[in-house]
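Presented below is the structure to which this report refers.
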Amino acid sequence: MNALIDKINKATKIEELLNLANFKTEFNTIVKQIHPDTCTDPGAVEATSKMNIWKHQYEHGKPFTDDAGIFRTNGYWADFSSALPNLAASIDNYQLFQRLRSDADRHFKKYLPKECRTLADGTYRFSFEKRAIPLSGLQLPQEHVNWVLNRLLEYIAYLSQSGFVHGGLNPESVCIVPEDHGIQVISFYHLARKDSRIHTVSGRYLNWYPAQVLKTKTATPVTDLECAKRIAAYLLGDAAGNAVKFRKTHNEDFINFLLTRHDNAYQCLTQYQQLLRSNFKTRFYSLTI
């Protein structure tokens with residue numbers, strides 16, 4: 001019993017303790033063993049509380065606020081209320097990508113939730129094949145920020161090649177997949193055809209948009225590239241997404257890259273991957289989150 005309670009209190013996620021495919025049965029079995037009413041171990045109260053919090057988050061999801069309002073996710077799905085403004089446009093844009101059929105399109109879909117379906121109450125649910133965690137509120141070491149930015153630039157390069165600009169990449173619209181260093185993009189409110197007129201932007205992250213883009217109101221890859229770099233600075237620890245503060249504390253080439261404007265998505269990705277090879281070891285860094 002001491003070992004079980006110690007394992008619970010050291011765990012960082014519910015998956016470390018039970019099989020989600022048999023969640024209810026295994027959860028009840030564990031809680032019956034450790035509940036303070038029957039267990040005298042001094043760590044029982046904390047362990048039971050932790051299990052109950054995880055149960056609530058798994059069943060109901062943790063709330064986040066994005067450009068349209070509150071959505072909830074438990075890491076395996078993300079639920080968006082049908083009453084959210086602009087949600088219809090986001091769902092339509094997701095379905096547009098799902099209908100694409102080329103080999104390149106099939107590769108691109110690894111950045112998207114596997115499906116979107118409507119629940120009985122009208123909620124739209126995006127489902128993930130593997131656990132996906134929103135970037136919102138996260139701070140990561142350099143080695144993990146490296147691969148997150150690489151995935152974002154891959155996503156942007158594909159969009160640009162296909163003639164699209166996402167227009168709203170931010171910590172609430174992107175989830176990371178710790179297991180295999182992937183990303184899942186979960187909102188498409190501001191998607192636009194490249195070089196077309198912009199109709200909406202993210203009010204919460206207005207200062208992340210290049211001034212020229214806001215002035216001309218034209219959808220270009222510069223918006224996505226600059227927002228991706230802002231996300232990298234955000235993950236390093238600056239909520240404003242400003243990389244200037246890291247000049248003296250982080251890799252010089254990496255920070256200079258974040259502060260340099262790029263107009264071409266594919267060239268930006270190629271330059272960044274060369275930077276990674278020149279400045280960092282090539283290896284898989286496990287992420288516990």
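Chains: A, B, ... in order of the structure tokens. Residues: from 1 per chain. Ligands: from 1, in order shown.
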- Item | All residues 9 Å or closer to A:Ala68, only C-alpha atoms, same chain fewer than 4 positions away omitted, as a PyMOL selection string | chain A and resi 84-87+189
Atoms to include: N, CA and C atoms. Write the selected residues as a PDB file, in the first residue's frame.
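Listed below is the output, selection-v9.pdb:
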ATOM      1  N   LEU A  84     -20.103  28.628 -29.695  1.00  0.00           N
ATOM      2  CA  LEU A  84     -18.955  29.521 -29.807  1.00  0.00           C
ATOM      3  C   LEU A  84     -18.974  30.269 -31.140  1.00  0.00           C
ATOM      4  N   PRO A  85     -18.687  31.575 -31.118  1.00  0.00           N
ATOM      5  CA  PRO A  85     -18.640  32.324 -32.379  1.00  0.00           C
ATOM      6  C   PRO A  85     -17.504  31.838 -33.259  1.00  0.00           C
ATOM      7  N   ASN A  86     -17.729  31.849 -34.561  1.00  0.00           N
ATOM      8  CA  ASN A  86     -16.722  31.463 -35.556  1.00  0.00           C
ATOM      9  C   ASN A  86     -16.392  29.979 -35.560  1.00  0.00           C
ATOM     10  N   LEU A  87     -17.038  29.176 -34.688  1.00  0.00           N
ATOM     11  CA  LEU A  87     -16.698  27.757 -34.638  1.00  0.00           C
ATOM     12  C   LEU A  87     -17.050  27.060 -35.953  1.00  0.00           C
ATOM     13  N   TYR A 189      -9.961  29.033 -37.011  1.00  0.00           N
ATOM     14  CA  TYR A 189     -10.867  30.160 -37.135  1.00  0.00           C
ATOM     15  C   TYR A 189     -10.434  31.162 -38.213  1.00  0.00           C
TER      16      TYR A 189
END
- Exercise: stretch 20-32 of chain A partners within 12 Å, only C-alpha atoms, chain neighbours under 5 positions left out, as an MDAnalysis selection string: chainID A and resid 1 4:5 7:8 13:15 37:39 44:56 58:59 74:76 130:131
- Using only C-alpha atoms, determine which residues lie at most 9 Å from stretch 269-281 of chain A, disregarding the query and same-chain residues fewer than 4 positions distant; provide the list as a PyMOL selection string. chain A and resi 143+146+149-150+153-154+156-157+251+253-254+257+264-265
- Task: Please identify which residues in stretch 174-251 of chain A DSSP calls strand (DSSP E or B) from the backbone, and express them as a ChimeraX atom specification.
- Result: /A:174-177,182-185,192-193,197,218
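Summary of the local environment: counting only C-alpha atoms, residues at most 12 Å from A:Phe128, other than itself and those fewer than 6 positions away along its chain, are Thr73, Asn74, Gly75, Tyr76, Trp77, Ala78, Asp79, Lys109, Lys110, Tyr111, Leu112, Pro113, Lys114, Glu115, Cys116, Arg117, Cys175, Ile176, Val177, Gly182, Ile183, Gln184, Val185 and Ile186 of chain A.
The coordinates place atom CA of A:Leu152 at 21.7 Å from atom CA of A:Leu214.
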- Item | Shortest interatomic distance to A:Lys245 - which of A:Ile198, A:Leu169, A:Leu258, A:Ala219, counting only C-alpha atoms | A:Leu258
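Counting only C-alpha atoms and comparing A:His190, A:His144, A:Leu287, A:Leu138, the residue that lies closest to A:Pro178 is A:Leu287.
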- Item | Distance of atom CA of A:His199 from atom CA of A:Gln212, expressed in Å to one decimal place | 15.3 Å
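You will find atom CA of A:Phe284 at 14.9 Å from atom CA of A:Leu140.
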- Task: Would you please give, as a PyMOL selection string, all residues of stretch 81-267 of chain A that DSSP assigns to alpha helix (DSSP H) based on the backbone?
- Result: chain A and resi 87-98+103-108+142-161+211-216+221-236+252-258+265-267
Put those residues in a file: C-alpha atoms, as a compact mmCIF listing (two decimals), in the first residue's frame.
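So the final result, stored in selection.txt, reads:
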# COMPACT_ATOMS: atom_id res chain seq x y z
CA LEU A 87 -16.70 27.76 -34.64
CA ALA A 88 -18.57 26.82 -37.82
CA ALA A 89 -15.79 28.35 -39.91
CA SER A 90 -13.17 26.44 -37.91
CA ILE A 91 -14.96 23.12 -38.39
CA ASP A 92 -15.50 23.78 -42.09
CA ASN A 93 -11.79 24.50 -42.55
CA TYR A 94 -10.86 21.30 -40.70
CA GLN A 95 -13.20 19.30 -42.94
CA LEU A 96 -11.65 20.98 -45.98
CA PHE A 97 -8.26 19.55 -45.02
CA GLN A 98 -9.74 16.13 -44.31
CA ASP A 103 0.24 11.73 -50.70
CA ALA A 104 1.42 15.08 -49.34
CA ASP A 105 -2.03 15.72 -47.89
CA ARG A 106 -2.03 12.36 -46.08
CA HIS A 107 1.34 13.24 -44.52
CA PHE A 108 -0.01 16.66 -43.54
CA GLN A 142 15.40 24.33 -25.00
CA GLU A 143 15.66 20.78 -26.35
CA HIS A 144 11.86 20.47 -26.42
CA VAL A 145 11.22 23.96 -27.77
CA ASN A 146 13.53 22.96 -30.65
CA TRP A 147 11.31 20.15 -31.90
CA VAL A 148 8.04 22.00 -31.24
CA LEU A 149 9.19 24.85 -33.47
CA ASN A 150 10.38 22.38 -36.10
CA ARG A 151 6.93 20.76 -36.23
CA LEU A 152 5.25 24.16 -36.45
CA LEU A 153 7.46 25.21 -39.35
CA GLU A 154 6.76 21.91 -41.13
CA TYR A 155 3.03 22.56 -40.74
CA ILE A 156 3.37 26.12 -42.01
CA ALA A 157 5.49 25.07 -45.00
CA TYR A 158 2.83 22.59 -46.06
CA LEU A 159 0.06 25.15 -45.67
CA SER A 160 1.98 27.69 -47.71
CA GLN A 161 2.73 25.17 -50.44
CA ALA A 211 2.63 45.25 -38.34
CA GLN A 212 2.76 45.08 -42.14
CA VAL A 213 0.19 42.27 -42.20
CA LEU A 214 -2.22 44.23 -39.99
CA LYS A 215 -1.73 47.26 -42.23
CA THR A 216 -2.26 45.53 -45.58
CA PRO A 221 3.12 33.09 -44.59
CA VAL A 222 4.88 35.82 -42.60
CA THR A 223 1.97 35.77 -40.13
CA ASP A 224 2.32 32.05 -39.43
CA LEU A 225 6.12 32.16 -39.28
CA GLU A 226 6.17 35.05 -36.83
CA CYS A 227 3.49 33.47 -34.64
CA ALA A 228 5.44 30.17 -34.58
CA LYS A 229 8.55 32.03 -33.38
CA ARG A 230 6.47 33.80 -30.75
CA ILE A 231 5.23 30.42 -29.55
CA ALA A 232 8.87 29.27 -29.22
CA ALA A 233 9.72 32.31 -27.07
CA TYR A 234 6.52 31.73 -25.06
CA LEU A 235 7.57 28.15 -24.33
CA LEU A 236 11.02 29.32 -23.25
CA GLU A 252 22.70 32.85 -29.85
CA ASP A 253 21.90 31.40 -33.28
CA PHE A 254 18.51 30.16 -32.08
CA ILE A 255 17.49 33.52 -30.61
CA ASN A 256 18.73 35.41 -33.66
CA PHE A 257 16.61 33.10 -35.80
CA LEU A 258 13.52 33.94 -33.74
CA ALA A 265 7.98 29.24 -45.36
CA TYR A 266 10.02 26.49 -47.01
CA GLN A 267 13.26 28.49 -46.89
